[in-house]
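What follows is one structure encoded as structure tokens, with my remarks underneath.
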Amino acid sequence: MLSWVRAAARGCLRPWGCRGLSSAVEEAARPAEALQPETSAGLSDPVLRKCELPLPSHRRPLQAWVESLRGYDLERVGLTELHPDVFSTAPRLDVLYQVAVWQRNFKRISYAKTKTRAEVRGGGRKPWQQKGSGRARHGSIRSPIWRGGGIAHGPRGPTSYYYMLPMKVRALGLKVALTVKLAQDDLHVVDSLELPTSDPQYLRELARYRRWGDSVLLVDLTHEEMPQNMVEATSRLNSFNLVPAVGLNVYSMLKHQTLVLTLPTISFLEKKLLWQDSRYTPLYPFRLPYSDFP
């Protein structure tokens with residue numbers, strides 16, 4: 001009886017053991033690429049723009065969401081990389097103040113002008129004789145100490161308040177302004193300024209939906225390539241301004257609550273501003289100024 005039970009158990013266990021060994025051998029014989037996890041097909045790279053300029057060894061590029069103006073729900077269509085030397089500099093508020101005051105005084109002309117004693121009408125003769133009257137001696141009733149007389153040290157306009165800041169300070173002001181806007185979540189990146197309609201109400205509602213604030217500064221690469229719908233929409237809105245990339249300045253960025261940049265504009269600004277950090281070269285070999293201006 002015991003021998004019969006052992007024979008039955010041996011017959012039942014043999015197929016299972018052989019099958020498990022064969023399956024293990026088959027799995028070991030499979031190619032290595034078949035065991036790798038399958039990658040999802042059809043998904044594109046979320047980074048729409050990568051930083052092409054060289055980075056410092058101790059820093060990494062920043063990332064920001066790329067939005068689209070073609071619809072309310074297209075708030076995040078991808079990512080873009082930002083150079084840390086342009087969008088993550090030290091917040092020098094003193095530099096911002098210097099550049100903002102310089103921009104306000106750049107075209108300031110004071111036309112205030114007062115007349116001197118030679119320009120005021122009258123006072124050609126001596127009011128009284130020099131001696132004998134007991135009064136103080138005077139030579140003209142248009143003297144600055146007389147009522148109705150000339151002004152001694154008044155403004156002599158037109159006066160210009162023009163002066164120039166060093167190029168390094170102006171470039172640093174742009175970097176600090178972009179850094180502050182990005183840190184305060186007031187800088188938004190869009191793929192383009194294309195709008196589905198030229199109705200200004202659509203642009204106003206889109207800014208309210210995305211909480212851009214009351215004033216928006218839209219920047220595109222060139223003035224000629226700006227979309228016609230955007231030009232018509234902003235021309236009928238007082239708080240929405242459209243400028244090319246070469247016209248971007250610190251005063252306009254501080255004046256507006258939100259700054260909107262396109263992807264080509266970011267590449268243009270990074271290339272121009274980073275060139276200022278290496279514009280000065282040794283005396284030899286000699287090179288003309290601005291010969292390598294990007």
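To be explicit about the labels: the chains of the structure tokens are called A, B, and onward in the order shown, and within each one the residues are counted from 1, while ligands get numbers from 1 in the order they are shown.
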Discussion item. Please return, as an MDAnalysis selection string, all residues of region 68-230 of chain A that DSSP assigns to helix (DSSP H, G or I) on the basis of the backbone.
Written reply: chainID A and resid 84:87 93:106 167:183 200:209 228:230
With C-alpha atoms retained, export the selected residues as a PDB file, in the first residue's frame.
ATOM      1  CA  PRO A  84      19.797  81.060 -14.828  1.00  0.00           C
ATOM      2  CA  ASP A  85      22.144  84.004 -15.501  1.00  0.00           C
ATOM      3  CA  VAL A  86      19.240  85.937 -17.041  1.00  0.00           C
ATOM      4  CA  PHE A  87      16.161  84.791 -15.113  1.00  0.00           C
ATOM      5  CA  LEU A  93      16.718  96.738  -6.238  1.00  0.00           C
ATOM      6  CA  ASP A  94      19.233  99.573  -6.307  1.00  0.00           C
ATOM      7  CA  VAL A  95      20.014  98.756  -9.934  1.00  0.00           C
ATOM      8  CA  LEU A  96      16.306  98.730 -10.767  1.00  0.00           C
ATOM      9  CA  TYR A  97      15.952 102.168  -9.198  1.00  0.00           C
ATOM     10  CA  GLN A  98      18.939 103.569 -11.089  1.00  0.00           C
ATOM     11  CA  VAL A  99      17.695 102.286 -14.441  1.00  0.00           C
ATOM     12  CA  ALA A 100      14.105 103.425 -13.828  1.00  0.00           C
ATOM     13  CA  VAL A 101      15.204 106.958 -12.875  1.00  0.00           C
ATOM     14  CA  TRP A 102      17.552 107.067 -15.855  1.00  0.00           C
ATOM     15  CA  GLN A 103      14.732 106.131 -18.212  1.00  0.00           C
ATOM     16  CA  ARG A 104      12.471 108.823 -16.789  1.00  0.00           C
ATOM     17  CA  ASN A 105      15.187 111.485 -17.078  1.00  0.00           C
ATOM     18  CA  PHE A 106      16.451 110.297 -20.442  1.00  0.00           C
ATOM     19  CA  MET A 167      25.955  99.417 -20.537  1.00  0.00           C
ATOM     20  CA  LYS A 168      26.687  96.861 -17.821  1.00  0.00           C
ATOM     21  CA  VAL A 169      24.230  98.552 -15.453  1.00  0.00           C
ATOM     22  CA  ARG A 170      21.495  98.727 -18.081  1.00  0.00           C
ATOM     23  CA  ALA A 171      21.917  95.045 -18.992  1.00  0.00           C
ATOM     24  CA  LEU A 172      21.922  94.081 -15.317  1.00  0.00           C
ATOM     25  CA  GLY A 173      18.719  96.065 -14.818  1.00  0.00           C
ATOM     26  CA  LEU A 174      16.967  94.012 -17.495  1.00  0.00           C
ATOM     27  CA  LYS A 175      18.180  90.774 -15.894  1.00  0.00           C
ATOM     28  CA  VAL A 176      17.001  91.834 -12.443  1.00  0.00           C
ATOM     29  CA  ALA A 177      13.601  92.917 -13.784  1.00  0.00           C
ATOM     30  CA  LEU A 178      13.103  89.580 -15.546  1.00  0.00           C
ATOM     31  CA  THR A 179      14.201  87.736 -12.401  1.00  0.00           C
ATOM     32  CA  VAL A 180      11.781  89.640 -10.190  1.00  0.00           C
ATOM     33  CA  LYS A 181       8.895  89.102 -12.592  1.00  0.00           C
ATOM     34  CA  LEU A 182       9.577  85.365 -12.718  1.00  0.00           C
ATOM     35  CA  ALA A 183       9.952  85.085  -8.941  1.00  0.00           C
ATOM     36  CA  PRO A 200     -10.578  92.836 -27.533  1.00  0.00           C
ATOM     37  CA  GLN A 201     -13.175  91.352 -25.198  1.00  0.00           C
ATOM     38  CA  TYR A 202     -11.665  87.890 -25.755  1.00  0.00           C
ATOM     39  CA  LEU A 203      -8.206  89.087 -24.727  1.00  0.00           C
ATOM     40  CA  ARG A 204      -9.610  90.857 -21.675  1.00  0.00           C
ATOM     41  CA  GLU A 205     -11.566  87.782 -20.560  1.00  0.00           C
ATOM     42  CA  LEU A 206      -8.535  85.542 -21.157  1.00  0.00           C
ATOM     43  CA  ALA A 207      -6.370  87.743 -18.934  1.00  0.00           C
ATOM     44  CA  ARG A 208      -9.058  87.734 -16.235  1.00  0.00           C
ATOM     45  CA  TYR A 209      -9.419  83.948 -16.457  1.00  0.00           C
ATOM     46  CA  GLN A 228      -2.835  90.936 -36.971  1.00  0.00           C
ATOM     47  CA  ASN A 229      -5.512  89.781 -34.522  1.00  0.00           C
ATOM     48  CA  MET A 230      -3.261  90.667 -31.582  1.00  0.00           C
TER      49      MET A 230
END
Worksheet item: If you count only C-alpha atoms, which residues fall within 8 Å of region 121-125 of chain A, apart from same-chain ones fewer than 2 positions away, as a PyMOL selection string?
Response: chain A and resi 119+127+139-142
Selected residues written out with C-alpha atoms, as a short mmCIF file (atom, residue, chain, number, x, y, z; two decimals), in the first residue's frame:
data_model
loop_
_atom_site.label_atom_id
_atom_site.label_comp_id
_atom_site.auth_asym_id
_atom_site.auth_seq_id
_atom_site.Cartn_x
_atom_site.Cartn_y
_atom_site.Cartn_z
CA GLU A 119 15.07 141.12 -19.38
CA PRO A 127 14.90 155.96 -9.10
CA GLY A 139 20.16 152.10 -9.47
CA SER A 140 17.06 150.41 -10.92
CA ILE A 141 13.55 149.48 -9.84
CA ARG A 142 13.99 146.11 -11.58
#
Item to complete: Choose the residue, out of A:Leu259, A:Val120, A:Ala90, A:Met253, that has the smallest atom-to-atom separation from Gly148 (chain A); count only C-alpha atoms.
Response: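 Using only C-alpha atoms, the shortest distance to Gly148 (chain A) belongs to A:Val120.
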Item to complete: Just give me the gap between CA of Gly247 (chain A) and CA of Met226 (chain A) in Å, one decimal is fine.
Response: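 For CA of Gly247 (chain A) relative to CA of Met226 (chain A), the distance reads 13.9 Å.
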Practice prompt. One decimal, Å: what's the distance from CA of Ala118 (chain A) over to CA of Gly150 (chain A), could you say?
Written response: 7.4 Å
Worksheet item: Can you list every residue in region 60-187 of chain A that DSSP puts in strand (DSSP E), as a VMD selection string?
Response: chain A and resid 62 to 67 78 to 82 109 to 110 159 to 160 187
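Between CA of Ser192 (chain A) and CA of Asp277 (chain A) the separation is 28.8 Å.
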Worksheet item: Smallest atom-to-atom distance to Gly213 (chain A): which of A:Asp186, A:Asp191, A:Glu232, A:Glu225, using only C-alpha atoms?
Response: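 Ranking A:Asp186, A:Asp191, A:Glu232, A:Glu225 by distance to Gly213 (chain A), first place goes to A:Asp186.
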Worksheet entry | All residues 10 Å or closer to Val243 (chain A), only C-alpha atoms, same chain fewer than 2 positions away omitted, as a ChimeraX atom specification | /A:217-223,226,241,245-249,252
Worksheet item: Closest to Lys107 (chain A) among A:Gln184, A:Thr159, A:Gln257, A:Ser235, using only C-alpha atoms?
Response: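 Of A:Gln184, A:Thr159, A:Gln257, A:Ser235, the one nearest Lys107 (chain A), counting only C-alpha atoms, is A:Thr159.
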Worksheet item: If we count only C-alpha atoms, what is near Arg156 (chain A) at a cut-off of 8 Å, once residues fewer than 5 positions away on the same chain are taken out, given as a VMD selection string?
Response: chain A and resid 112 to 114
Worksheet item: Smallest atom-to-atom distance to Arg59 (chain A): which of A:Pro144, A:Ile109, A:Leu288, A:Ser88, using only C-alpha atoms?
Response: A:Ser88
